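K.L.:
Just coords_34.pdb, nothing more (PDB, C-alpha atoms and all ligand atoms):
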```pdb
ATOM      1  CA  MET A   1     -17.729  -6.922 -20.089
ATOM      2  CA  ASP A   2     -14.737  -9.211 -19.666
ATOM      3  CA  ASP A   3     -12.276  -8.879 -16.769
ATOM      4  CA  ARG A   4      -9.376  -7.921 -19.087
ATOM      5  CA  THR A   5     -11.218  -4.867 -20.433
ATOM      6  CA  PHE A   6     -12.017  -3.724 -16.902
ATOM      7  CA  ARG A   7      -8.423  -4.256 -15.719
ATOM      8  CA  ASN A   8      -6.981  -2.478 -18.762
ATOM      9  CA  ALA A   9      -9.259   0.518 -18.249
ATOM     10  CA  MET A  10      -8.350   0.756 -14.542
ATOM     11  CA  GLY A  11      -4.674   0.552 -15.538
ATOM     12  CA  LYS A  12      -5.100   3.831 -17.456
ATOM     13  CA  PHE A  13      -5.355   5.561 -14.087
ATOM     14  CA  ALA A  14      -1.735   6.318 -13.110
ATOM     15  CA  THR A  15      -1.077   5.948  -9.386
ATOM     16  CA  GLY A  16       1.664   5.978  -6.820
ATOM     17  CA  VAL A  17       2.483   2.766  -4.972
ATOM     18  CA  THR A  18       2.171   2.073  -1.243
ATOM     19  CA  VAL A  19       3.034  -0.757   1.101
ATOM     20  CA  ILE A  20       0.539  -1.269   3.918
ATOM     21  CA  THR A  21       2.269  -2.411   7.117
ATOM     22  CA  THR A  22       1.011  -3.581  10.463
ATOM     23  CA  ALA A  23       2.326  -5.801  13.255
ATOM     24  CA  ILE A  24       0.767  -8.570  15.254
ATOM     25  CA  ASN A  25       2.602  -9.840  18.356
ATOM     26  CA  GLY A  26       5.689  -7.985  17.113
ATOM     27  CA  GLU A  27       5.638  -9.786  13.749
ATOM     28  CA  VAL A  28       5.452  -7.429  10.768
ATOM     29  CA  ARG A  29       3.209  -8.014   7.745
ATOM     30  CA  GLY A  30       3.369  -5.919   4.593
ATOM     31  CA  MET A  31       1.313  -5.765   1.402
ATOM     32  CA  THR A  32       1.688  -3.664  -1.749
ATOM     33  CA  ALA A  33      -1.385  -1.578  -2.628
ATOM     34  CA  ASN A  34      -2.145   1.190  -5.079
ATOM     35  CA  ALA A  35      -5.851   1.402  -4.212
ATOM     36  CA  PHE A  36      -5.305   4.331  -1.848
ATOM     37  CA  MET A  37      -6.973   7.717  -1.658
ATOM     38  CA  SER A  38      -7.473  10.676   0.587
ATOM     39  CA  VAL A  39     -11.086  10.874   1.849
ATOM     40  CA  SER A  40     -11.687  13.649   4.387
ATOM     41  CA  LEU A  41      -9.881  16.591   5.968
ATOM     42  CA  ASP A  42     -12.086  16.887   9.090
ATOM     43  CA  PRO A  43     -11.689  14.280  10.424
ATOM     44  CA  LYS A  44      -8.572  13.240   8.541
ATOM     45  CA  LEU A  45      -9.456  10.011   6.748
ATOM     46  CA  ILE A  46      -7.892   7.892   4.016
ATOM     47  CA  LEU A  47      -9.064   4.744   2.239
ATOM     48  CA  ILE A  48      -7.396   1.526   1.120
ATOM     49  CA  SER A  49      -8.989  -1.437  -0.663
ATOM     50  CA  ILE A  50      -7.843  -5.007   0.019
ATOM     51  CA  GLY A  51      -8.825  -8.104  -1.955
ATOM     52  CA  GLU A  52     -10.680 -10.874  -0.106
ATOM     53  CA  LYS A  53      -7.871 -13.382  -0.761
ATOM     54  CA  ALA A  54      -5.145 -11.218   0.795
ATOM     55  CA  LYS A  55      -3.909 -12.423   4.172
ATOM     56  CA  MET A  56      -3.611  -8.784   5.202
ATOM     57  CA  ASN A  57      -7.410  -8.624   5.624
ATOM     58  CA  GLU A  58      -7.474 -10.918   8.617
ATOM     59  CA  ILE A  59      -4.425  -9.236  10.132
ATOM     60  CA  ILE A  60      -5.825  -5.674   9.961
ATOM     61  CA  LYS A  61      -9.090  -6.943  11.441
ATOM     62  CA  GLN A  62      -7.073  -8.134  14.430
ATOM     63  CA  THR A  63      -4.714  -5.184  14.833
ATOM     64  CA  GLY A  64      -7.254  -2.414  14.101
ATOM     65  CA  LYS A  65      -4.431  -0.237  12.779
ATOM     66  CA  PHE A  66      -2.089   0.053   9.830
ATOM     67  CA  THR A  67       0.460   2.356   8.222
ATOM     68  CA  VAL A  68       0.446   3.442   4.570
ATOM     69  CA  ASN A  69       4.038   3.794   3.320
ATOM     70  CA  ILE A  70       4.171   5.814   0.084
ATOM     71  CA  LEU A  71       7.090   4.457  -1.929
ATOM     72  CA  SER A  72       9.881   6.398  -3.612
ATOM     73  CA  GLU A  73      11.258   5.490  -7.026
ATOM     74  CA  GLU A  74      14.150   3.725  -5.248
ATOM     75  CA  GLN A  75      11.752   1.270  -3.585
ATOM     76  CA  GLN A  76      10.433  -0.749  -6.543
ATOM     77  CA  ASP A  77      12.085  -3.889  -5.128
ATOM     78  CA  LEU A  78      10.052  -3.465  -1.927
ATOM     79  CA  SER A  79       6.854  -3.077  -3.954
ATOM     80  CA  MET A  80       7.664  -6.309  -5.772
ATOM     81  CA  LEU A  81       8.561  -8.098  -2.539
ATOM     82  CA  PHE A  82       5.329  -7.148  -0.760
ATOM     83  CA  ALA A  83       3.263  -8.021  -3.844
ATOM     84  CA  GLY A  84       4.694 -11.547  -3.822
ATOM     85  CA  GLN A  85       6.456 -10.903  -7.166
ATOM     86  CA  LEU A  86       9.930 -11.970  -6.014
ATOM     87  CA  LYS A  87      10.788 -15.660  -5.905
ATOM     88  CA  GLU A  88      13.161 -15.356  -2.984
ATOM     89  CA  LYS A  89      12.071 -14.156   0.429
ATOM     90  CA  GLN A  90      14.064 -11.229   1.794
ATOM     91  CA  ASN A  91      14.714  -9.818   5.214
ATOM     92  CA  VAL A  92      13.450  -6.265   5.467
ATOM     93  CA  THR A  93      14.503  -3.884   8.206
ATOM     94  CA  PHE A  94      11.614  -1.831   9.530
ATOM     95  CA  ASP A  95      11.683   1.258  11.698
ATOM     96  CA  TRP A  96       9.313   1.320  14.656
ATOM     97  CA  VAL A  97       7.160   4.184  15.842
ATOM     98  CA  GLY A  98       5.597   2.881  19.037
ATOM     99  CA  ASP A  99       4.083  -0.476  18.076
ATOM    100  CA  GLN A 100       3.809   0.422  14.376
ATOM    101  CA  PRO A 101       6.376  -0.784  11.820
ATOM    102  CA  VAL A 102       7.255   1.550   8.941
ATOM    103  CA  LEU A 103       9.386   1.219   5.833
ATOM    104  CA  PRO A 104      12.376   3.553   6.171
ATOM    105  CA  ASN A 105      13.033   6.026   3.315
ATOM    106  CA  SER A 106       9.404   6.067   2.131
ATOM    107  CA  LEU A 107       8.092   9.437   0.905
ATOM    108  CA  ALA A 108       5.430   9.339   3.614
ATOM    109  CA  ASN A 109       4.354   7.099   6.497
ATOM    110  CA  ILE A 110       0.676   7.625   7.288
ATOM    111  CA  PHE A 111      -0.379   6.051  10.591
ATOM    112  CA  CYS A 112      -4.042   5.008  10.806
ATOM    113  CA  ASP A 113      -6.591   3.473  13.149
ATOM    114  CA  VAL A 114      -9.374   1.586  11.388
ATOM    115  CA  TYR A 115     -12.344   4.002  11.394
ATOM    116  CA  ASN A 116     -14.768   2.012   9.238
ATOM    117  CA  THR A 117     -14.874  -0.966   6.889
ATOM    118  CA  HIS A 118     -17.144  -1.786   3.974
ATOM    119  CA  VAL A 119     -17.219  -5.005   1.974
ATOM    120  CA  ALA A 120     -17.552  -4.144  -1.720
ATOM    121  CA  GLY A 121     -17.700  -7.172  -4.021
ATOM    122  CA  ASP A 122     -14.450  -9.129  -3.691
ATOM    123  CA  HIS A 123     -12.618  -6.346  -1.800
ATOM    124  CA  THR A 124     -12.919  -4.719   1.633
ATOM    125  CA  LEU A 125     -12.596  -0.948   1.869
ATOM    126  CA  TYR A 126     -10.779   0.214   5.007
ATOM    127  CA  ILE A 127     -11.226   3.808   6.020
ATOM    128  CA  GLY A 128      -8.346   4.837   8.248
ATOM    129  CA  LYS A 129      -8.354   7.704  10.734
ATOM    130  CA  VAL A 130      -4.945   9.340  10.427
ATOM    131  CA  THR A 131      -3.158   9.596  13.773
ATOM    132  CA  ASP A 132       0.294  10.740  12.620
ATOM    133  CA  ILE A 133       2.324  11.445   9.476
ATOM    134  CA  TYR A 134       6.060  11.443   8.662
ATOM    135  CA  MET A 135       7.369  12.755   5.330
ATOM    136  CA  LYS A 136      10.596  12.845   3.288
ATOM    137  CA  GLU A 137      11.640  14.518   0.052
ATOM    138  CA  GLY A 138      12.069  12.359  -3.040
ATOM    139  CA  ALA A 139      10.520  11.196  -6.300
ATOM    140  CA  PRO A 140       7.601   8.738  -6.310
ATOM    141  CA  LEU A 141       7.359   5.217  -7.651
ATOM    142  CA  LEU A 142       4.497   5.182 -10.180
ATOM    143  CA  PHE A 143       2.282   2.450 -11.654
ATOM    144  CA  PHE A 144       0.583   2.798 -15.057
ATOM    145  CA  GLU A 145      -0.791   0.219 -17.487
ATOM    146  CA  GLY A 146       0.451  -2.599 -15.262
ATOM    147  CA  LYS A 147       4.072  -1.379 -15.230
ATOM    148  CA  TYR A 148       6.286   0.473 -12.802
ATOM    149  CA  ARG A 149       7.260   3.959 -13.988
ATOM    150  CA  ASN A 150       8.976   7.018 -12.663
ATOM    151  CA  LEU A 151       8.543  10.705 -13.359
ATOM    152  CA  ALA A 152      11.811  10.939 -15.324
ATOM    153  CA  SER A 153      10.800   8.170 -17.755
ATOM    154  CA  HIS A 154       7.924  10.341 -19.002
ATOM    155  CA  ALA A 155       9.354  13.804 -18.445
ATOM    156  CA  ASN A 156      10.599  14.191 -22.018
ATOM    157  CA  ALA A 157       7.891  12.118 -23.713
ATOM    158  CA  GLY A 158       5.651  14.999 -24.761
TER     159      GLY A 158
HETATM  160  P1  LIG B   1       1.322 -12.292   1.353
HETATM  161  O1  LIG B   1       1.122 -12.818  -0.019
HETATM  162  O2  LIG B   1       1.439 -13.208   2.501
HETATM  163  O3  LIG B   1       2.530 -11.269   1.415
HETATM  164  C1  LIG B   1       2.927 -10.571   0.290
HETATM  165  C2  LIG B   1       4.426 -10.740   0.169
HETATM  166  O4  LIG B   1       5.052  -9.929   1.157
HETATM  167  C3  LIG B   1       4.932 -12.166   0.360
HETATM  168  O5  LIG B   1       5.893 -12.435  -0.644
HETATM  169  C4  LIG B   1       5.577 -12.117   1.738
HETATM  170  O6  LIG B   1       6.675 -13.002   1.848
HETATM  171  C5  LIG B   1       6.032 -10.675   1.824
HETATM  172  N1  LIG B   1       6.101 -10.196   3.216
HETATM  173  C6  LIG B   1       5.076  -9.934   4.041
HETATM  174  N2  LIG B   1       5.521  -9.506   5.241
HETATM  175  C7  LIG B   1       6.904  -9.529   5.178
HETATM  176  C8  LIG B   1       7.961  -9.180   6.084
HETATM  177  N3  LIG B   1       7.719  -8.770   7.337
HETATM  178  N4  LIG B   1       9.239  -9.263   5.645
HETATM  179  C9  LIG B   1       9.527  -9.693   4.379
HETATM  180  N5  LIG B   1       8.572 -10.042   3.473
HETATM  181  C10 LIG B   1       7.280  -9.961   3.861
HETATM  182  N6  LIG B   1      -3.921  -5.963  -3.751
HETATM  183  C11 LIG B   1      -4.974  -5.410  -3.103
HETATM  184  O7  LIG B   1      -5.742  -6.131  -2.466
HETATM  185  N7  LIG B   1      -5.200  -4.069  -3.122
HETATM  186  C12 LIG B   1      -4.417  -3.205  -3.818
HETATM  187  O8  LIG B   1      -4.632  -1.987  -3.808
HETATM  188  C13 LIG B   1      -3.311  -3.756  -4.532
HETATM  189  N8  LIG B   1      -2.494  -2.948  -5.248
HETATM  190  C14 LIG B   1      -1.399  -3.469  -5.871
HETATM  191  C15 LIG B   1      -0.546  -2.611  -6.568
HETATM  192  C16 LIG B   1       0.576  -3.084  -7.217
HETATM  193  C17 LIG B   1       1.491  -2.135  -7.946
HETATM  194  C18 LIG B   1       0.855  -4.484  -7.159
HETATM  195  C19 LIG B   1       2.080  -5.025  -7.842
HETATM  196  C20 LIG B   1       0.010  -5.364  -6.462
HETATM  197  C21 LIG B   1      -1.128  -4.868  -5.814
HETATM  198  N9  LIG B   1      -1.996  -5.706  -5.090
HETATM  199  C22 LIG B   1      -3.072  -5.169  -4.452
HETATM  200  C23 LIG B   1      -1.749  -7.147  -4.978
HETATM  201  C24 LIG B   1      -1.151  -7.524  -3.608
HETATM  202  O9  LIG B   1       0.004  -6.765  -3.316
HETATM  203  C25 LIG B   1      -0.769  -9.028  -3.588
HETATM  204  O10 LIG B   1      -1.903  -9.783  -3.938
HETATM  205  C26 LIG B   1      -0.237  -9.457  -2.218
HETATM  206  O11 LIG B   1       0.639 -10.544  -2.374
HETATM  207  C27 LIG B   1      -1.303  -9.888  -1.256
HETATM  208  O12 LIG B   1      -0.703  -9.965  -0.016
HETATM  209  P2  LIG B   1      -1.152 -10.890   1.207
HETATM  210  O13 LIG B   1      -1.750 -10.067   2.288
HETATM  211  O14 LIG B   1      -1.948 -12.073   0.730
HETATM  212  O15 LIG B   1       0.207 -11.286   1.786
END
```
Spell out the structure here as structure tokens.
Ligand code: FAD
P.N.:
Amino acid sequence: MDDRTFRNAMGKFATGVTVITTAINGEVRGMTANAFMSVSLDPKLILISIGEKAKMNEIIKQTGKFTVNILSEEQQDLSMLFAGQLKEKQNVTFDWVGDQPVLPNSLANIFCDVYNTHVAGDHTLYIGKVTDIYMKEGAPLLFFEGKYRNLASHANAG
């Protein structure tokens, strides 16, 4: 099977969009990720998957913690920024909860300690033990067939 077929099939699975944040020596790093899922209720665990080429891998290995910021439909520019899709660098203002940076106005900030890791092919799976959660009301940013979407754009389609 060619890579395009695999990618296209995976793109049929509609997801939300997150930015993973962590800080090392007070310097914040962020990375856009939609490979995110809930894993366990007791203990409370989630999973993210990070490609071997992403710099975020090395950083999470060092910090041992990260925050999953679930983006709202108003935060597409942040998704693009932290996916390296914008030509110009931008200054982002983060909120801090203890030593953890979070993206303000996200639908949820899920604080995690690394619980387990598993290398799977060209990605590493990080299981995070959830230590705290903040939430806000709002509509989600969505990703489907390689494009950003929102709930309203499909609400009247069917
Ligand atoms: P970099 O390439 O170094 O950083 C990414 C970008 O964020 C750079 O432009 C950088 O300037 C900017 N940035 C970082 N920190 C800051 C800061 N503090 N202030 C301002 N800008 C900053 N990849 C995966 O491995 N797993 C996934 O689940 C995944 N899902 C994705 C979902 C979507 C919708 C998209 C668009 C991309 C996804 N990617 C995923 C790809 C991933 O986001 C990119 O490959 C990313 O660029 C890799 O990041 P990096 O750690 O190498 O960091």
K.L.:
Given the PyMOL selection byres (((not hetatm)) within 9 of (chain B and resi 1)) and the file above, list the residues it selects as a ChimeraX atom specification.
P.N.:
/A:15-19,21,23,27-36,48-59,78-94,123-124,142-144,146-148
K.L.:
Could the residues of range 44-80 of chain A that have an atom at most 7 Å from range 134-141 of chain A be listed as JSON lines, each with its closest atom pair and the distance in Å to one decimal, counting only C-alpha atoms and ordered by chain and ascending residue number?
P.N.:
```
{"residue": "A:Leu71", "atom": "CA", "partner": "A:Leu141", "partner_atom": "CA", "distance": 5.8}
{"residue": "A:Ser72", "atom": "CA", "partner": "A:Pro140", "partner_atom": "CA", "distance": 4.2}
{"residue": "A:Glu73", "atom": "CA", "partner": "A:Leu141", "partner_atom": "CA", "distance": 4.0}
{"residue": "A:Gln76", "atom": "CA", "partner": "A:Leu141", "partner_atom": "CA", "distance": 6.8}
```
K.L.:
Would you put the residues from that selection into a file with C-alpha atoms, as a PDB file, in the coordinates of the input?
P.N.:
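In the end it all went to selection_1.pdb:
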```
ATOM      1  CA  LEU A  71       7.090   4.457  -1.929  1.00  0.00           C
ATOM      2  CA  SER A  72       9.881   6.398  -3.612  1.00  0.00           C
ATOM      3  CA  GLU A  73      11.258   5.490  -7.026  1.00  0.00           C
ATOM      4  CA  GLN A  76      10.433  -0.749  -6.543  1.00  0.00           C
TER       5      GLN A  76
END
```
K.L.:
Record the distance separating CA of Leu151 in chain A and CA of Ala108 in chain A, expressed in Å with one decimal.
P.N.:
17.3 Å
K.L.:
Looking at all atoms listed in the file, which of A:Asn8, A:Thr117, A:Gln100, A:Ser38 is the one that sits closest to Asn25 in chain A?
P.N.:
A:Gln100
K.L.:
Return as an NGL selection string the set of residues that the PyMOL selection byres (((chain A and resi 39) around 12) and not hetatm) yields on the displayed structure.
P.N.:
:A and (36-38 or 40-48 or 115 or 125-130)
K.L.:
CA of Val68 in chain A and CA of Glu145 in chain A are how many Å apart?
P.N.:
22.3 Å
K.L.:
Rounded to one decimal, what separation in Å do you get between CA of Ile133 in chain A and CA of Thr67 in chain A?
P.N.:
9.4 Å
K.L.:
Which protein, DNA or RNA residues are at most 12 Å from (4.2, -0.3, 20.0) in the file's coordinates when you count only C-alpha atoms, listed as JSON, numbers by chain?
P.N.:
{"A": [22, 23, 24, 25, 26, 27, 28, 63, 65, 66, 95, 96, 97, 98, 99, 100, 101, 102]}
K.L.:
Quick one: write out the picked residues with C-alpha atoms as a PDB file, in the coordinates of the input?
P.N.:
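Wrote again.pdb, looks like this:
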```
ATOM      1  CA  THR A  22       1.011  -3.581  10.463  1.00  0.00           C
ATOM      2  CA  ALA A  23       2.326  -5.801  13.255  1.00  0.00           C
ATOM      3  CA  ILE A  24       0.767  -8.570  15.254  1.00  0.00           C
ATOM      4  CA  ASN A  25       2.602  -9.840  18.356  1.00  0.00           C
ATOM      5  CA  GLY A  26       5.689  -7.985  17.113  1.00  0.00           C
ATOM      6  CA  GLU A  27       5.638  -9.786  13.749  1.00  0.00           C
ATOM      7  CA  VAL A  28       5.452  -7.429  10.768  1.00  0.00           C
ATOM      8  CA  THR A  63      -4.714  -5.184  14.833  1.00  0.00           C
ATOM      9  CA  LYS A  65      -4.431  -0.237  12.779  1.00  0.00           C
ATOM     10  CA  PHE A  66      -2.089   0.053   9.830  1.00  0.00           C
ATOM     11  CA  ASP A  95      11.683   1.258  11.698  1.00  0.00           C
ATOM     12  CA  TRP A  96       9.313   1.320  14.656  1.00  0.00           C
ATOM     13  CA  VAL A  97       7.160   4.184  15.842  1.00  0.00           C
ATOM     14  CA  GLY A  98       5.597   2.881  19.037  1.00  0.00           C
ATOM     15  CA  ASP A  99       4.083  -0.476  18.076  1.00  0.00           C
ATOM     16  CA  GLN A 100       3.809   0.422  14.376  1.00  0.00           C
ATOM     17  CA  PRO A 101       6.376  -0.784  11.820  1.00  0.00           C
ATOM     18  CA  VAL A 102       7.255   1.550   8.941  1.00  0.00           C
TER      19      VAL A 102
END
```
K.L.:
Which centre and which edge lengths, in Å to one decimal, describe the axis-aligned box that holds all listed atoms of range 127-141 of chain A after 3 Å is added on each side, as JSON?
P.N.:
```
{"center_x": 0.4, "center_y": 9.2, "center_z": 3.1, "size_x": 29.3, "size_y": 16.7, "size_z": 27.4}
```
